[in-house]
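This is run.cif. It holds mmCIF, C-alpha atoms.
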data_my_file
loop_
_atom_site.label_atom_id
_atom_site.label_comp_id
_atom_site.auth_asym_id
_atom_site.auth_seq_id
_atom_site.Cartn_x
_atom_site.Cartn_y
_atom_site.Cartn_z
CA MET T 1 -7.46 32.07 -5.40
CA LYS T 2 -7.62 28.71 -3.68
CA LYS T 3 -4.34 26.81 -3.96
CA ILE T 4 -4.45 23.87 -6.35
CA SER T 5 -3.88 20.63 -4.44
CA LEU T 6 -0.94 18.37 -5.26
CA THR T 7 -3.36 15.65 -6.41
CA THR T 8 -4.95 18.04 -8.90
CA GLN T 9 -1.53 19.20 -10.08
CA ILE T 10 -0.48 15.59 -10.69
CA LEU T 11 -3.67 14.90 -12.64
CA ILE T 12 -3.01 18.01 -14.74
CA GLY T 13 0.60 16.92 -15.30
CA THR T 14 -0.58 13.43 -16.31
CA ILE T 15 -3.12 14.68 -18.86
CA GLY T 16 -0.79 17.42 -20.08
CA GLY T 17 2.12 15.01 -20.55
CA ILE T 18 0.02 12.54 -22.55
CA VAL T 19 -1.45 15.26 -24.78
CA PHE T 20 1.87 17.10 -25.26
CA GLY T 21 3.80 13.94 -26.12
CA SER T 22 1.13 12.73 -28.52
CA VAL T 23 1.15 16.09 -30.33
CA VAL T 24 4.90 16.75 -30.60
CA GLY T 25 5.89 13.10 -31.12
CA PRO T 26 9.45 11.77 -30.66
CA TRP T 27 10.84 15.20 -29.78
CA ALA T 28 9.33 14.77 -26.31
CA ALA T 29 12.14 12.30 -25.53
CA ASN T 30 14.30 15.36 -24.87
CA LEU T 31 12.34 15.93 -21.66
CA LYS T 32 12.95 12.45 -20.26
CA PHE T 33 16.07 13.46 -18.31
CA ILE T 34 13.94 15.78 -16.16
CA GLY T 35 11.62 12.92 -15.29
CA ASP T 36 14.59 10.67 -14.57
CA MET T 37 15.93 13.31 -12.20
CA PHE T 38 12.62 13.26 -10.31
CA ILE T 39 12.79 9.46 -9.97
CA ARG T 40 16.37 9.71 -8.64
CA LEU T 41 15.32 12.29 -6.06
CA ILE T 42 12.76 9.77 -4.79
CA GLN T 43 15.23 6.89 -4.88
CA MET T 44 17.84 8.68 -2.79
CA SER T 45 15.60 8.68 0.31
CA VAL T 46 13.79 5.34 0.02
CA VAL T 47 16.17 3.17 2.08
CA ILE T 48 16.46 5.61 4.98
CA LEU T 49 12.73 6.36 4.99
CA VAL T 50 11.65 2.72 5.06
CA MET T 51 14.22 1.72 7.70
CA SER T 52 13.47 4.66 10.00
CA SER T 53 9.70 4.08 9.60
CA VAL T 54 9.97 0.40 10.56
CA ALA T 55 12.43 0.93 13.43
CA GLY T 56 10.50 3.91 14.78
CA ALA T 57 7.15 2.10 14.67
CA VAL T 58 8.51 -1.00 16.42
CA GLY T 59 10.63 0.86 18.97
CA SER T 60 7.90 3.34 19.91
CA GLY T 61 5.23 0.70 20.52
CA ASP T 62 3.46 0.36 23.84
CA ASN T 63 2.82 -3.41 23.66
CA ARG T 64 -0.95 -3.02 23.35
CA ASP T 65 -0.88 -5.65 20.63
CA VAL T 66 -0.30 -8.52 23.07
CA GLY T 67 -2.73 -11.09 24.40
CA LYS T 68 -5.70 -12.86 22.93
CA MET T 69 -7.18 -9.77 21.26
CA GLY T 70 -3.91 -9.01 19.54
CA PHE T 71 -3.45 -12.60 18.39
CA HIS T 72 -6.83 -12.78 16.68
CA THR T 73 -6.43 -9.31 15.20
CA PHE T 74 -3.10 -10.09 13.56
CA LYS T 75 -4.28 -13.55 12.53
CA TRP T 76 -7.04 -12.09 10.38
CA ILE T 77 -4.85 -9.23 9.12
CA ILE T 78 -2.31 -11.76 7.81
CA ILE T 79 -4.96 -14.04 6.27
CA PHE T 80 -6.81 -11.24 4.47
CA THR T 81 -3.60 -9.58 3.26
CA LEU T 82 -2.16 -12.81 1.85
CA VAL T 83 -5.40 -13.63 0.05
CA SER T 84 -5.54 -10.10 -1.42
CA ALA T 85 -1.94 -10.25 -2.61
CA GLY T 86 -2.50 -13.69 -4.14
CA LEU T 87 -5.61 -12.40 -5.89
CA GLY T 88 -3.53 -9.56 -7.28
CA VAL T 89 -1.14 -12.09 -8.84
CA VAL T 90 -3.96 -14.11 -10.42
CA LEU T 91 -5.75 -11.07 -11.86
CA SER T 92 -2.48 -9.58 -13.14
CA MET T 93 -1.64 -12.79 -14.97
CA ILE T 94 -5.12 -12.96 -16.49
CA MET T 95 -5.69 -9.29 -17.35
CA GLN T 96 -2.02 -8.35 -18.02
CA PRO T 97 -2.44 -4.61 -17.29
CA GLY T 98 1.01 -3.67 -18.62
CA VAL T 99 0.68 -5.47 -21.96
CA GLY T 100 0.02 -3.19 -24.90
CA ILE T 101 2.41 -0.45 -23.88
CA ASP T 102 6.17 -0.27 -24.36
CA ILE T 103 7.47 2.16 -21.75
CA THR T 104 11.02 1.74 -23.01
CA GLY T 105 10.20 2.80 -26.54
CA GLY T 106 11.78 -0.39 -27.86
CA ALA T 107 15.10 0.22 -26.12
CA LYS T 108 16.84 -2.70 -24.45
CA LEU T 109 16.96 -2.24 -20.71
CA ALA T 110 19.92 -3.45 -18.70
CA THR T 111 18.34 -5.10 -15.71
CA LYS T 112 19.84 -7.57 -13.36
CA PRO T 113 18.45 -11.04 -13.95
CA VAL T 114 17.02 -12.56 -10.79
CA GLU T 115 18.35 -16.06 -10.46
CA ALA T 116 16.18 -18.78 -9.04
CA SER T 117 17.18 -19.70 -5.50
CA SER T 118 16.24 -22.48 -3.17
CA LEU T 119 13.93 -21.70 -0.26
CA SER T 120 16.80 -21.98 2.21
CA GLU T 121 18.97 -19.59 0.17
CA THR T 122 16.11 -17.12 -0.15
CA ILE T 123 15.48 -17.07 3.59
CA LEU T 124 19.24 -16.89 4.32
CA ASN T 125 19.57 -13.85 2.04
CA PHE T 126 16.94 -12.03 4.11
CA VAL T 127 19.53 -11.73 6.91
CA PRO T 128 22.25 -9.17 6.14
CA THR T 129 25.92 -9.80 6.80
CA ASN T 130 26.54 -6.05 6.79
CA ALA T 131 23.63 -3.63 7.20
CA ILE T 132 25.63 -0.74 5.73
CA SER T 133 26.46 -2.65 2.55
CA SER T 134 22.80 -3.72 2.25
CA MET T 135 21.77 -0.07 2.47
CA ALA T 136 24.39 0.95 -0.10
CA GLY T 137 23.31 -1.80 -2.47
CA GLY T 138 19.60 -1.09 -2.04
CA ALA T 139 18.90 -4.62 -0.73
CA MET T 140 15.63 -3.67 0.91
CA VAL T 141 14.53 -6.91 2.60
CA PRO T 142 17.79 -7.27 4.59
CA CYS T 143 17.46 -3.57 5.47
CA ILE T 144 13.95 -4.17 6.82
CA VAL T 145 15.14 -7.21 8.82
CA PHE T 146 17.88 -5.10 10.40
CA ALA T 147 15.38 -2.29 11.08
CA LEU T 148 13.04 -4.73 12.85
CA PHE T 149 15.83 -5.99 15.15
CA PHE T 150 17.05 -2.46 15.70
CA GLY T 151 13.55 -1.28 16.59
CA VAL T 152 12.95 -4.11 19.07
CA ALA T 153 16.33 -3.55 20.76
CA MET T 154 15.83 0.22 20.79
CA GLY T 155 12.40 -0.10 22.38
CA SER T 156 13.70 -2.55 24.98
CA TYR T 157 16.59 -0.24 25.85
CA ALA T 158 14.26 2.75 26.19
CA LYS T 159 11.87 0.85 28.50
CA THR T 160 14.68 -0.57 30.64
CA THR T 161 16.70 2.63 31.13
CA GLY T 162 14.08 5.32 30.57
CA ASN T 163 16.47 6.88 28.06
CA ARG T 164 14.59 7.68 24.85
CA VAL T 165 17.38 9.57 23.10
CA VAL T 166 17.83 6.94 20.38
CA VAL T 167 14.07 6.52 19.90
CA ASP T 168 13.61 10.26 19.55
CA TRP T 169 16.57 10.43 17.16
CA VAL T 170 15.15 7.73 14.88
CA VAL T 171 11.69 9.30 14.93
CA GLY T 172 13.29 12.67 14.20
CA LEU T 173 15.31 11.16 11.34
CA ASN T 174 12.13 9.72 9.88
CA GLY T 175 10.42 13.11 10.14
CA THR T 176 13.37 14.80 8.45
CA VAL T 177 13.46 12.33 5.55
CA THR T 178 9.69 12.67 5.28
CA ASN T 179 10.17 16.41 4.78
CA ILE T 180 12.68 15.66 2.01
CA ILE T 181 10.05 13.52 0.28
CA LYS T 182 7.49 16.31 0.69
CA MET T 183 9.89 18.76 -0.97
CA VAL T 184 10.56 16.35 -3.83
CA MET T 185 6.84 15.74 -4.31
CA THR T 186 6.28 19.45 -5.01
CA VAL T 187 7.97 18.88 -8.38
CA ALA T 188 6.13 15.60 -9.03
CA PRO T 189 3.72 17.16 -11.58
CA ILE T 190 6.70 18.35 -13.67
CA GLY T 191 8.50 15.00 -13.42
CA ILE T 192 5.36 13.08 -14.36
CA PHE T 193 4.65 15.47 -17.24
CA CYS T 194 8.12 14.87 -18.70
CA LEU T 195 8.10 11.10 -18.23
CA LEU T 196 4.64 10.64 -19.74
CA ALA T 197 5.43 13.07 -22.56
CA ASN T 198 8.36 10.82 -23.47
CA VAL T 199 6.19 7.67 -23.42
CA SER T 200 3.23 9.15 -25.30
CA GLY T 201 5.62 10.79 -27.76
CA ALA T 202 6.68 7.30 -28.82
CA ILE T 203 3.33 5.50 -28.77
CA GLY T 204 0.66 8.23 -28.68
CA PHE T 205 -2.67 8.08 -26.85
CA ARG T 206 -2.42 4.29 -26.55
CA VAL T 207 -0.73 4.93 -23.18
CA ILE T 208 -4.22 5.51 -21.72
CA ILE T 209 -5.34 1.91 -22.31
CA PRO T 210 -3.01 0.28 -19.75
CA MET T 211 -4.01 2.95 -17.22
CA LEU T 212 -7.66 1.98 -17.57
CA LYS T 213 -6.80 -1.75 -17.48
CA PHE T 214 -4.89 -1.26 -14.23
CA LEU T 215 -7.81 0.55 -12.58
CA LEU T 216 -10.29 -2.03 -13.91
CA LEU T 217 -8.14 -4.77 -12.37
CA LEU T 218 -8.35 -3.06 -8.97
CA LEU T 219 -12.13 -2.64 -9.28
CA ILE T 220 -12.65 -6.30 -10.18
CA GLY T 221 -10.29 -7.35 -7.38
CA ASP T 222 -12.23 -5.29 -4.83
CA CYS T 223 -15.52 -6.86 -5.92
CA ILE T 224 -14.07 -10.37 -5.65
CA GLN T 225 -12.66 -9.64 -2.19
CA PHE T 226 -16.03 -8.39 -0.95
CA LEU T 227 -17.66 -11.53 -2.34
CA LEU T 228 -15.08 -13.67 -0.49
CA PHE T 229 -14.60 -11.83 2.79
CA GLY T 230 -18.18 -10.65 3.34
CA PRO T 231 -19.87 -14.08 3.41
CA LEU T 232 -16.95 -15.53 5.41
CA THR T 233 -17.31 -12.83 8.07
CA ALA T 234 -21.09 -13.12 8.17
CA ALA T 235 -20.92 -16.91 8.53
CA LEU T 236 -18.30 -16.90 11.30
CA CYS T 237 -20.05 -14.08 13.18
CA ARG T 238 -23.51 -15.59 12.61
CA VAL T 239 -25.08 -12.39 11.25
CA ASN T 240 -27.18 -11.52 8.19
CA LEU T 241 -24.88 -10.85 5.24
CA PHE T 242 -27.44 -8.74 3.37
CA LYS T 243 -27.55 -6.11 6.12
CA MET T 244 -23.85 -5.33 5.65
CA PRO T 245 -23.92 -3.09 2.54
CA ALA T 246 -26.15 -0.41 4.09
CA LYS T 247 -24.01 -0.34 7.23
CA TYR T 248 -20.87 0.21 5.14
CA ALA T 249 -22.34 3.09 3.11
CA LYS T 250 -21.11 6.04 5.19
CA MET T 251 -17.51 4.93 5.68
CA SER T 252 -17.27 3.67 2.10
CA ILE T 253 -18.25 7.08 0.73
CA MET T 254 -15.66 8.70 2.98
CA ALA T 255 -13.02 6.23 1.82
CA LEU T 256 -13.75 6.91 -1.85
CA THR T 257 -13.72 10.70 -1.49
CA THR T 258 -10.80 11.15 0.90
CA THR T 259 -8.62 8.12 -0.09
CA SER T 260 -7.34 8.22 3.51
CA GLY T 261 -7.78 5.47 6.07
CA ALA T 262 -6.64 7.86 8.82
CA ILE T 263 -9.41 10.35 8.04
CA CYS T 264 -11.95 7.51 8.02
CA LEU T 265 -10.75 6.14 11.40
CA PRO T 266 -13.17 8.03 13.74
CA THR T 267 -16.18 7.21 11.56
CA LYS T 268 -15.07 3.60 11.17
CA ILE T 269 -14.73 3.02 14.92
CA GLU T 270 -18.04 4.72 15.71
CA ASP T 271 -19.91 2.69 13.06
CA GLU T 272 -18.30 -0.54 14.29
CA VAL T 273 -19.87 0.08 17.70
CA THR T 274 -23.23 1.63 16.73
CA LYS T 275 -24.03 -0.28 13.52
CA PHE T 276 -22.09 -3.55 13.59
CA GLY T 277 -22.37 -4.31 17.32
CA VAL T 278 -18.63 -4.52 18.05
CA SER T 279 -17.86 -3.62 21.68
CA ARG T 280 -16.08 -0.33 22.23
CA LYS T 281 -13.15 -2.15 23.84
CA VAL T 282 -12.55 -4.23 20.69
CA ALA T 283 -13.25 -1.34 18.30
CA ASP T 284 -10.80 0.97 20.09
CA PHE T 285 -8.15 -1.75 20.01
CA THR T 286 -8.55 -3.06 16.46
CA GLY T 287 -9.40 0.26 14.79
CA PRO T 288 -5.97 1.98 14.95
CA ILE T 289 -4.05 -1.28 14.42
CA THR T 290 -6.00 -2.28 11.31
CA MET T 291 -5.78 1.28 9.96
CA SER T 292 -1.98 1.05 9.79
CA MET T 293 -1.45 -2.68 9.25
CA ASN T 294 -4.49 -4.17 7.49
CA SER T 295 -4.17 -3.04 3.88
CA CYS T 296 -5.90 -5.59 1.68
CA GLY T 297 -6.59 -3.09 -1.05
CA ALA T 298 -2.99 -1.89 -0.94
CA ALA T 299 -1.56 -5.43 -1.08
CA GLN T 300 -3.57 -6.19 -4.20
CA CYS T 301 -2.59 -2.83 -5.74
CA TYR T 302 1.12 -3.25 -5.03
CA VAL T 303 1.23 -6.73 -6.56
CA ALA T 304 -0.62 -5.46 -9.63
CA ALA T 305 1.84 -2.56 -9.84
CA ILE T 306 4.78 -5.01 -9.86
CA PHE T 307 3.26 -6.94 -12.76
CA PHE T 308 2.44 -3.68 -14.54
CA MET T 309 6.04 -2.50 -14.25
CA ALA T 310 7.35 -5.84 -15.51
CA GLN T 311 4.88 -6.22 -18.38
CA SER T 312 5.18 -2.64 -19.62
CA THR T 313 8.97 -2.89 -19.78
CA GLY T 314 9.12 -6.36 -21.32
CA VAL T 315 10.47 -8.18 -18.26
CA GLN T 316 9.40 -11.80 -17.79
CA MET T 317 8.83 -12.49 -14.10
CA SER T 318 10.05 -15.78 -12.66
CA THR T 319 8.17 -17.85 -10.08
CA TYR T 320 10.67 -16.60 -7.51
CA GLN T 321 9.84 -12.98 -8.36
CA MET T 322 6.10 -13.65 -8.12
CA GLY T 323 6.58 -15.11 -4.65
CA MET T 324 8.72 -12.16 -3.67
CA ALA T 325 6.05 -9.82 -5.08
CA ILE T 326 3.53 -11.24 -2.60
CA LEU T 327 5.98 -11.15 0.31
CA LEU T 328 7.21 -7.61 -0.34
CA SER T 329 3.71 -6.26 -0.97
CA CYS T 330 2.54 -7.71 2.35
CA LEU T 331 5.59 -6.28 4.13
CA MET T 332 4.85 -2.82 2.74
CA CYS T 333 1.34 -3.06 4.22
CA LEU T 334 2.67 -3.44 7.77
CA GLY T 335 2.96 0.32 8.09
CA THR T 336 1.66 3.33 6.24
CA ILE T 337 4.07 5.85 4.74
CA ALA T 338 2.18 9.01 5.65
CA VAL T 339 3.55 11.45 3.12
CA PRO T 340 1.99 12.93 -0.02
CA GLY T 341 2.62 10.44 -2.80
CA GLY T 342 3.58 7.67 -0.37
CA SER T 343 2.78 5.14 -3.08
CA VAL T 344 5.66 6.52 -5.12
CA ILE T 345 8.00 5.34 -2.37
CA VAL T 346 6.36 1.90 -2.36
CA TYR T 347 6.52 1.54 -6.14
CA THR T 348 10.18 2.59 -6.16
CA PHE T 349 10.96 0.17 -3.32
CA LEU T 350 9.24 -2.72 -5.08
CA ALA T 351 10.90 -2.05 -8.43
CA SER T 352 14.36 -1.72 -6.86
CA SER T 353 13.93 -4.87 -4.76
CA LEU T 354 12.90 -7.01 -7.74
CA GLY T 355 15.33 -5.52 -10.25
CA LEU T 356 12.57 -3.98 -12.40
CA PRO T 357 13.00 -0.83 -14.52
CA LEU T 358 11.58 2.37 -13.04
CA GLU T 359 10.28 3.90 -16.28
CA SER T 360 6.67 2.78 -15.77
CA ILE T 361 6.34 4.38 -12.32
CA ALA T 362 5.23 7.63 -14.01
CA VAL T 363 2.11 5.93 -15.36
CA LEU T 364 1.27 4.53 -11.92
CA ILE T 365 1.77 7.91 -10.24
CA GLY T 366 -0.46 9.56 -12.80
CA ILE T 367 -3.44 7.40 -11.86
CA ASP T 368 -2.58 6.89 -8.19
CA TRP T 369 -5.41 9.06 -6.88
CA PHE T 370 -7.94 6.82 -8.63
CA ALA T 371 -6.08 3.71 -7.51
CA GLY T 372 -6.17 5.15 -3.99
CA MET T 373 -9.97 5.09 -4.07
CA PHE T 374 -9.98 1.33 -4.68
CA ARG T 375 -7.22 0.72 -2.12
CA THR T 376 -8.86 2.74 0.65
CA ILE T 377 -12.41 1.42 0.39
CA MET T 378 -11.09 -2.14 0.60
CA ASN T 379 -8.78 -1.30 3.50
CA VAL T 380 -11.45 0.47 5.57
CA ASP T 381 -14.28 -2.00 5.03
CA VAL T 382 -12.12 -5.05 5.75
CA ASP T 383 -10.91 -3.30 8.93
CA VAL T 384 -14.48 -3.58 10.21
CA MET T 385 -14.64 -7.26 9.25
CA VAL T 386 -11.50 -7.88 11.32
CA GLY T 387 -13.12 -6.07 14.25
CA MET T 388 -16.27 -8.17 13.90
CA LEU T 389 -14.35 -11.44 13.75
CA VAL T 390 -12.29 -10.55 16.83
CA ALA T 391 -15.37 -9.39 18.75
CA SER T 392 -17.29 -12.56 17.85
CA LYS T 393 -14.41 -14.79 18.97
CA LEU T 394 -14.18 -12.98 22.32
CA GLY T 395 -17.94 -12.75 22.90
CA GLU T 396 -17.88 -8.98 22.38
CA LEU T 397 -20.26 -8.82 19.39
CA ASP T 398 -23.79 -7.57 20.17
CA ARG T 399 -26.01 -9.08 17.46
CA ASP T 400 -29.03 -7.11 18.66
CA VAL T 401 -27.19 -3.92 17.69
CA TYR T 402 -26.27 -5.45 14.33
CA ASN T 403 -29.89 -6.42 13.69
CA GLY T 404 -31.21 -2.98 14.70
CA LYS T 405 -33.03 -4.25 17.77
CA LYS T 406 -30.85 -2.25 20.15
CA VAL T 407 -29.41 1.24 19.97
CA VAL T 408 -26.03 2.15 21.47
CA THR T 409 -23.87 5.24 21.35
CA TYR T 410 -20.11 5.49 21.05
#

If you convert what's in this file into structure tokens, what do you get?
Amino acid sequence: MKKISLTTQILIGTIGGIVFGSVVGPWAANLKFIGDMFIRLIQMSVVILVMSSVAGAVGSGDNRDVGKMGFHTFKWIIIFTLVSAGLGVVLSMIMQPGVGIDITGGAKLATKPVEASSLSETILNFVPTNAISSMAGGAMVPCIVFALFFGVAMGSYAKTTGNRVVVDWVVGLNGTVTNIIKMVMTVAPIGIFCLLANVSGAIGFRVIIPMLKFLLLLLIGDCIQFLLFGPLTAALCRVNLFKMPAKYAKMSIMALTTTSGAICLPTKIEDEVTKFGVSRKVADFTGPITMSMNSCGAAQCYVAAIFFMAQSTGVQMSTYQMGMAILLSCLMCLGTIAVPGGSVIVYTFLASSLGLPLESIAVLIGIDWFAGMFRTIMNVDVDVMVGMLVASKLGELDRDVYNGKKVVTY
């Protein structure tokens, strides 16, 4: 028999947990400790995984992201990502995806209150006084700052001396921790089953409503982003907006069915050249960079997840936390965690960084495959818009190809 994929197992665990908890009622709370154990197994590797990913990515770079092409690429990546994250905040405040469900079952959660800080204090706290103590305390932003400096210094040392021992060690550490996450994710269906059984045992089938609200929020957000970014790109590139949808069809279908920007990469680059008129030089440069760093759909999803976790556990978010939600969500889009269930790592990181309870992560994991569809289609299609904008700015956009008057091959 064909092996059941992890995604399918998680979906089965999600449905099974909701049904089981709704049938047996409060008794399902006895299973919660198993789900909590799963969350702790994820938590124990988050700091090392994120730091080694950031340091390894920075230290292993080959400086292709320099020059005019790199400047315009990153300019549009930052603009689109910030707009997407901001849109996630607005939609979350309007739609309130976590309202209507009490993940805690009415229990009072002991969470650290996040005190309002001045801008100068906030920025100062980004810089660690002791990287080890930041790691021990789970202070993720200072850990990322240290990892960035460490990665730059490591890469410089490797280029100057030709000695890549430290680079290889960090990359190897990241691979090892990634394998730990893969092992933990094999028990994800059981952990999710137990956590959702506990929640649905207390409130019944009503747990489904916030799931649907969260996915609806992502769908509406994607539509709004297309309505914003599409006309902007068409206007700046001086092309016909109404020809875009048909050109996006192939890669969009791939994005929806695979939920993987990496799998869509070859198709995306080829279509950029043959359908959108982007030169091969620009497409080959922007394609891989935008795949790993331009994550509009993910930024919106992560912000919405933060609000979902807060609302479903009765935590009132301050203005400071909302600003941090945007900043942290954008930071998490600067590199892709390429492990099964990578979003679990992101959700855990975000909750820990903002002092939010982790109970609601089970709900997010249960619908993550569907959320991945909305994340990926936005990521992939906006990647092409970035390529078009860069090509147009550098005079590398062939409008005859875009308009179908000229045929080129990749």

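Evaluated against this file, the PyMOL selection byres ((chain T and resi 145-153) around 6) yields Met51, Ala55, Val58, Gly59, Pro142, Cys143, Ile144, Met154, Gly155 and Ser156 of chain T.
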
Just-selected residues, C-alpha atoms written as a PDB file, keeping the file's coordinate frame:
ATOM      1  CA  MET T  51      14.220   1.720   7.700  1.00  0.00           C
ATOM      2  CA  ALA T  55      12.430   0.930  13.430  1.00  0.00           C
ATOM      3  CA  VAL T  58       8.510  -1.000  16.420  1.00  0.00           C
ATOM      4  CA  GLY T  59      10.630   0.860  18.970  1.00  0.00           C
ATOM      5  CA  PRO T 142      17.790  -7.270   4.590  1.00  0.00           C
ATOM      6  CA  CYS T 143      17.460  -3.570   5.470  1.00  0.00           C
ATOM      7  CA  ILE T 144      13.950  -4.170   6.820  1.00  0.00           C
ATOM      8  CA  MET T 154      15.830   0.220  20.790  1.00  0.00           C
ATOM      9  CA  GLY T 155      12.400  -0.100  22.380  1.00  0.00           C
ATOM     10  CA  SER T 156      13.700  -2.550  24.980  1.00  0.00           C
TER      11      SER T 156
END

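Candidate residues T:Cys264, T:Met183, T:Met378, T:Gly16 were compared for distance to Phe226 (chain T), and the nearest is T:Met378, using only C-alpha atoms.
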
For this session: Name every residue that the PyMOL selection byres ((chain T and resi 83) around 10) selects in this structure, writing the answer as a PyMOL selection string with chains first and numbers rising.
Result: chain T and resi 78-82+84-89+225+228-229+296+299-300+326

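Going from CA of Glu270 (chain T) over to CA of Asp284 (chain T), you cover 9.3 Å.
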
Problem set entry | Test item: residues at most 12 Å from region 169-177 of chain T, all atoms listed in the file, excluding those fewer than 3 positions along its chain, as number ranges by chain | T: 41-60, 147, 150-151, 154-155, 163-166, 180-184, 337-339, 345

Just to be explicit: take each residue in the selection above, keep C-alpha atoms, and write the result as a PDB file, keeping the file's coordinate frame.
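Saved the output as again36.pdb:
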ATOM      1  CA  LEU T  41      15.320  12.290  -6.060  1.00  0.00           C
ATOM      2  CA  ILE T  42      12.760   9.770  -4.790  1.00  0.00           C
ATOM      3  CA  GLN T  43      15.230   6.890  -4.880  1.00  0.00           C
ATOM      4  CA  MET T  44      17.840   8.680  -2.790  1.00  0.00           C
ATOM      5  CA  SER T  45      15.600   8.680   0.310  1.00  0.00           C
ATOM      6  CA  VAL T  46      13.790   5.340   0.020  1.00  0.00           C
ATOM      7  CA  VAL T  47      16.170   3.170   2.080  1.00  0.00           C
ATOM      8  CA  ILE T  48      16.460   5.610   4.980  1.00  0.00           C
ATOM      9  CA  LEU T  49      12.730   6.360   4.990  1.00  0.00           C
ATOM     10  CA  VAL T  50      11.650   2.720   5.060  1.00  0.00           C
ATOM     11  CA  MET T  51      14.220   1.720   7.700  1.00  0.00           C
ATOM     12  CA  SER T  52      13.470   4.660  10.000  1.00  0.00           C
ATOM     13  CA  SER T  53       9.700   4.080   9.600  1.00  0.00           C
ATOM     14  CA  VAL T  54       9.970   0.400  10.560  1.00  0.00           C
ATOM     15  CA  ALA T  55      12.430   0.930  13.430  1.00  0.00           C
ATOM     16  CA  GLY T  56      10.500   3.910  14.780  1.00  0.00           C
ATOM     17  CA  ALA T  57       7.150   2.100  14.670  1.00  0.00           C
ATOM     18  CA  VAL T  58       8.510  -1.000  16.420  1.00  0.00           C
ATOM     19  CA  GLY T  59      10.630   0.860  18.970  1.00  0.00           C
ATOM     20  CA  SER T  60       7.900   3.340  19.910  1.00  0.00           C
ATOM     21  CA  ALA T 147      15.380  -2.290  11.080  1.00  0.00           C
ATOM     22  CA  PHE T 150      17.050  -2.460  15.700  1.00  0.00           C
ATOM     23  CA  GLY T 151      13.550  -1.280  16.590  1.00  0.00           C
ATOM     24  CA  MET T 154      15.830   0.220  20.790  1.00  0.00           C
ATOM     25  CA  GLY T 155      12.400  -0.100  22.380  1.00  0.00           C
ATOM     26  CA  ASN T 163      16.470   6.880  28.060  1.00  0.00           C
ATOM     27  CA  ARG T 164      14.590   7.680  24.850  1.00  0.00           C
ATOM     28  CA  VAL T 165      17.380   9.570  23.100  1.00  0.00           C
ATOM     29  CA  VAL T 166      17.830   6.940  20.380  1.00  0.00           C
ATOM     30  CA  ILE T 180      12.680  15.660   2.010  1.00  0.00           C
ATOM     31  CA  ILE T 181      10.050  13.520   0.280  1.00  0.00           C
ATOM     32  CA  LYS T 182       7.490  16.310   0.690  1.00  0.00           C
ATOM     33  CA  MET T 183       9.890  18.760  -0.970  1.00  0.00           C
ATOM     34  CA  VAL T 184      10.560  16.350  -3.830  1.00  0.00           C
ATOM     35  CA  ILE T 337       4.070   5.850   4.740  1.00  0.00           C
ATOM     36  CA  ALA T 338       2.180   9.010   5.650  1.00  0.00           C
ATOM     37  CA  VAL T 339       3.550  11.450   3.120  1.00  0.00           C
ATOM     38  CA  ILE T 345       8.000   5.340  -2.370  1.00  0.00           C
TER      39      ILE T 345
END

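Note that CA of Ser312 (chain T) and CA of Ser134 (chain T) are 28.1 Å apart.
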
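With CA of Gly21 (chain T) on one side and CA of Arg375 (chain T) on the other, the separation reads 29.5 Å.
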
Residues within 8 Å of Tyr347 (chain T), only C-alpha atoms, excluding chain neighbours under 3 positions, as a CSV table (one decimal) with C-alpha atoms, in the frame of the given file:
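Saved the output as around_23.csv:
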chain,number,residue,atom,x,y,z
T,302,TYR,CA,1.1,-3.2,-5.0
T,305,ALA,CA,1.8,-2.6,-9.8
T,306,ILE,CA,4.8,-5.0,-9.9
T,343,SER,CA,2.8,5.1,-3.1
T,344,VAL,CA,5.7,6.5,-5.1
T,350,LEU,CA,9.2,-2.7,-5.1
T,351,ALA,CA,10.9,-2.0,-8.4
T,361,ILE,CA,6.3,4.4,-12.3

Exercise. When distances are computed from only C-alpha atoms, which of T:Arg238, T:Lys3, T:Lys268, T:Lys68 shows the smallest separation from Val390 (chain T)?
Worked result: T:Lys68

Would you compute an axis-aligned box for region 300-310 of chain T, covering every atom listed for it in the file with 3 Å of margin on each side, and report centre and edge lengths in Å to one decimal as lines of an AutoDock Vina configuration file?
center_x = 1.9
center_y = -4.7
center_z = -9.9
size_x = 16.9
size_y = 10.4
size_z = 17.3

For this session: Go through the shown structure with the PyMOL selection byres ((chain T and resi 280) around 12) and write out the matching residues as a PyMOL selection string.
Result: chain T and resi 268-279+281-287+387-388+391+396-398+408-410

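With all atoms listed in the file as the basis for measurement, T:Gly366 is the residue among T:Gly355, T:Gly25, T:Gly366, T:Gly230 that approaches Ala188 (chain T) most closely.
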
Exercise. Using only C-alpha atoms, which of T:Ile77, T:Val303, T:Ile132, T:Val23 sits nearest Val384 (chain T)?
Worked result: T:Ile77

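Minimum distance to Ser295 (chain T) across T:Thr233, T:Ser353, T:Asn379, T:Thr178 (counting only C-alpha atoms) occurs at T:Asn379.
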
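Shortest atom-to-atom contact with Gln311 (chain T) among T:Gln9, T:Ile365, T:Val99, T:Ser22: T:Val99, counting all atoms listed in the file.
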
Taking the block above, write region 178-187 of chain T with C-alpha atoms as a compact mmCIF listing (two decimals), in the first residue's frame.
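Saved file selection.txt follows:
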# COMPACT_ATOMS: atom_id res chain seq x y z
CA THR T 178 16.38 19.91 10.94
CA ASN T 179 16.50 16.12 11.29
CA ILE T 180 15.36 16.48 14.91
CA ILE T 181 12.36 18.49 13.71
CA LYS T 182 11.62 15.85 11.07
CA MET T 183 11.63 13.16 13.76
CA VAL T 184 9.33 15.21 15.99
CA MET T 185 6.96 15.88 13.10
CA THR T 186 6.37 12.13 12.66
CA VAL T 187 4.31 12.27 15.86
